[in-house]
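A.B. asks: Can you keep this structure in mind? I'll have questions shortly.
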Amino acid sequence: MQTTRPDSANATDGEILARDRSLAFRAAVAQGLVPREQPVVGLLDVTGIIRSAAALRAAFATPGVEVTHTFAVKAAALVPVLRLLRDAGIGCEVASPGELALARAAQVPAALIVLDSPAKTPDELSRALALGVAVNADNAQELDRLDAAVAARPTASPLGVRVNPQIGGGSIGAMSTATATSKFGVPLRDPGAERWLLDAYAARPWLTRLHCHVGSQGCPLELMAAGVRAVHDLAERVNAAAGRRQVDTLDIGGGLPVDFGSDEDSPAFADYADLLRAHVPGLFDGRYGIVTEFGRSLLAKNGSLLARVEYAKSAGGRRIAVTHAGAQVATRTVFAPDAWPLRVVALDGTGHPKDGDPVEQDVAGPCCFAGDVVAHARPLPPLDRGDLVALLDTGAYYFSTHFSYNALPRPGVHGYTVDPDGAVRFATVRAPQTPRELTAECGGGWADSLSALTGG
Ligand SMILES: *Cc1c(COP(=O)(O)O)cnc(C)c1O
């Protein structure tokens with residue numbers, strides 16, 4: 001295949017990402033990854049993920065400071081992705097027994113795993129402590145459980161408490177973790193809370209970490225930095241009271257927002273790390289280890305959804321492309337279109353960009369409800385049956401935030417690399433869900449159970 005790759009010597013990361021993505025769209029069609037009966041597929045840029053991981057590590061690298069990066073598994077709950085990140089030196093932040101199992105399946109070592117679920121069960125806690133993965137307690141009642149567990153059996157798990165610095169929300173309410181009434185962590189500014197925390201640490205010499213996660217999408221970096229600063233200042237007070245460095249590690253969470261409007265990484269990890277160096281210099285002076293838990297910012301720009309246009313029609317003067325990418329794969333975009341707009345690219349049936357003067361059209365999905373539209377009145381070259389659409393920047397959350405409405409199957413996900421000559425190689429990350437798997441998920445193994453109950 002003729003190469004149209006930019007000379008990587010002077011291309012930006014965003015240009016390389018965009019070029020490789022276009023090549024991958026064509027190759028995915030040519031290599032049969034979007035067959036008629038499996039009309040939507042997820043694609044991940046493997047080199048892009050490695051580049052993002054390297055950028056994260058470089059941004060925080062500081063002589064004399066131990067930095068542990070973990071990836072928030074909920075952003076891409078795909079074992080091969082977790083393994084790739086592990087190979088790039090990045091562990092896992094998990095928030096459920098299922099996510100812990102995925103991290104283990106990817107052979108991520110316990111020392112690179114952090115457990116943060118807001119509703120940990122007793123079994124979940126004991127398993128984490130037995131494995132030695134780090135645990136951040138969400139609240140006073142969970143700390144009671146930790147008291148009992150630590151008294152019963154020694155553990156290698158580093159233990160901390162999640163605090164909510166209550167510094168305010170960003171532009172998306174559902175993504176704002178540091179409002180006054182957020183459900184996460186110990187609310188630092190509530191009356192008596194700081195006193196309670198200082199006492200809790202004084203009584204438990206094994207509490208060695210403090211955790212916060214201020215984000216996410218829609219939060220200004222300054223707000224995130226203010227949250228980290230509040231946690232750092234609290235650690236200083238705990239340590240002053242203890243007369244020793246009891247808190248030795250600060251877990252600053254994730255939450256870096258992503259620009260869904262362009263191919264460039266903005267803000268970059270380096271922008272955030274530089275801001276933290278300016279606002280919280282004590283974080284980097286060697287007295288604390290740092291843990292991070294980025295999700296969206298590591299994966300979003302490295303993934304796309306590719307879907308067939310089944311029909312093109314018009315209603316009330318509006319053109320509508322009926323595609324196979326709707327709420328089942330772009331759940332947040334469909335239900336909260338203003339908070340989660342996506343770039344849509346119009347492609348012909350071979351995966352090449354369509355030309356033609358842009359016309360406002362709705363890009364609709366396959367689900368049976370009227371709101372199943374991923375882009376409203378979007379100016380695009382006119383889409384027709386047999387064309388394809390690509391939804392860009394869907395590498396984070398879109399492959400793990402499914403909606404099983406209409407018993408639509410979870411699509412396959414493939415990773416790709418592009419050789420210098422432009423040849424694209426794919427590897428399966430997740431096979432498309434089969435009708436048999438789908439039926440099993442929907443109670444297929446118990447077809448007679450209700451009839452039997454009624455004597456039928
Ligand atoms: C979701 C989550 C993250 C990752 O957030 P992103 O916005 O994807 O970076 C990190 N830590 C915790 C505790 C989370 O809940």
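Letters A, B, ... go to the chains of the structure tokens in the order shown; residues in each chain start at 1; ligands are counted from 1 in the same order.
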Could you build a table of the residues in chain A lying no more than 10 Å from ligand 1, giving for each the nearest pair of atoms and their separation in Å rounded to one decimal place, using only C-alpha atoms and all ligand atoms, ordered by chain and ascending residue number, as a tab-separated table?

C.D. replies:
residue	atom	partner	partner_atom_place_in_ligand_line	distance
A:Thr70	CA	ligand 1	10 (C)	8.6
A:Phe71	CA	ligand 1	4 (C)	7.3
A:Ala72	CA	ligand 1	4 (C)	4.8
A:Val73	CA	ligand 1	4 (C)	8.1
A:Lys74	CA	ligand 1	1 (C)	6.7
A:Ala75	CA	ligand 1	8 (O)	5.7
A:Ala76	CA	ligand 1	8 (O)	9.3
A:Cys92	CA	ligand 1	10 (C)	9.8
A:Glu93	CA	ligand 1	11 (N)	6.7
A:Val94	CA	ligand 1	13 (C)	8.2
A:Ala95	CA	ligand 1	15 (O)	7.3
A:Val114	CA	ligand 1	13 (C)	9.2
A:Leu115	CA	ligand 1	13 (C)	8.5
A:Asp116	CA	ligand 1	13 (C)	5.6
A:Ser117	CA	ligand 1	13 (C)	7.5
A:Pro118	CA	ligand 1	13 (C)	8.5
A:Asn136	CA	ligand 1	13 (C)	9.1
A:Asp138	CA	ligand 1	13 (C)	9.9
A:Arg162	CA	ligand 1	13 (C)	8.6
A:Met175	CA	ligand 1	7 (O)	8.0
A:Ser176	CA	ligand 1	7 (O)	9.7
A:Thr177	CA	ligand 1	15 (O)	8.3
A:Phe184	CA	ligand 1	13 (C)	8.5
A:Gly185	CA	ligand 1	13 (C)	9.5
A:His211	CA	ligand 1	13 (C)	8.5
A:Cys212	CA	ligand 1	13 (C)	7.4
A:His213	CA	ligand 1	11 (N)	5.4
A:Val214	CA	ligand 1	11 (N)	8.2
A:Gly215	CA	ligand 1	7 (O)	6.0
A:Ser216	CA	ligand 1	7 (O)	4.3
A:Gln217	CA	ligand 1	7 (O)	6.0
A:Gly218	CA	ligand 1	7 (O)	9.5
A:Cys219	CA	ligand 1	7 (O)	9.5
A:Asp251	CA	ligand 1	11 (N)	9.1
A:Ile252	CA	ligand 1	11 (N)	8.2
A:Gly253	CA	ligand 1	11 (N)	4.5
A:Gly254	CA	ligand 1	9 (O)	3.9
A:Gly255	CA	ligand 1	7 (O)	3.4
A:Leu256	CA	ligand 1	9 (O)	5.4
A:Pro257	CA	ligand 1	7 (O)	6.6
A:Val258	CA	ligand 1	7 (O)	8.8
A:Thr292	CA	ligand 1	10 (C)	7.7
A:Glu293	CA	ligand 1	10 (C)	4.5
A:Phe294	CA	ligand 1	9 (O)	3.8
A:Gly295	CA	ligand 1	8 (O)	3.3
A:Arg296	CA	ligand 1	8 (O)	3.7
A:Ser297	CA	ligand 1	9 (O)	5.8
A:Leu298	CA	ligand 1	9 (O)	7.7
A:Leu299	CA	ligand 1	8 (O)	8.7
A:Ala300	CA	ligand 1	8 (O)	8.9
A:Ala396	CA	ligand 1	8 (O)	7.4
A:Tyr397	CA	ligand 1	8 (O)	7.9

A.B. asks: Find the residues around Asp248 of chain A up to 9 Å (only C-alpha atoms counted), leave out those fewer than 3 positions away in its own chain, and share them as a ChimeraX atom specification.

C.D. replies: /A:208-210,235,239,245,287-290

A.B. asks: Create the file for the chosen residues now, containing C-alpha atoms and written as a compact mmCIF listing (two decimals), in the first residue's frame.

C.D. replies:
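Contents of the output file out27.txt:
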# COMPACT_ATOMS: atom_id res chain seq x y z
CA THR A 208 1.04 6.01 55.49
CA ARG A 209 -0.75 7.47 52.52
CA LEU A 210 -3.21 10.22 51.69
CA ALA A 235 0.08 15.34 55.18
CA ASN A 239 3.59 14.35 60.04
CA ARG A 245 7.29 11.08 58.30
CA ARG A 287 9.94 13.72 51.13
CA TYR A 288 6.96 12.03 49.53
CA GLY A 289 6.47 9.28 47.03
CA ILE A 290 3.83 10.08 44.41

A.B. asks: Find the residue from A:Leu221, A:Ala273, A:Val228, A:Leu197 that sits nearest to Arg57 of chain A; use only C-alpha atoms when measuring.

C.D. replies: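 Answer, going by the shortest atom-to-atom distance: A:Ala273.
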
A.B. asks: In Å to one decimal, how far is atom CA of Val186 of chain A from atom CA of Asn139 of chain A?

C.D. replies: 5.6 Å
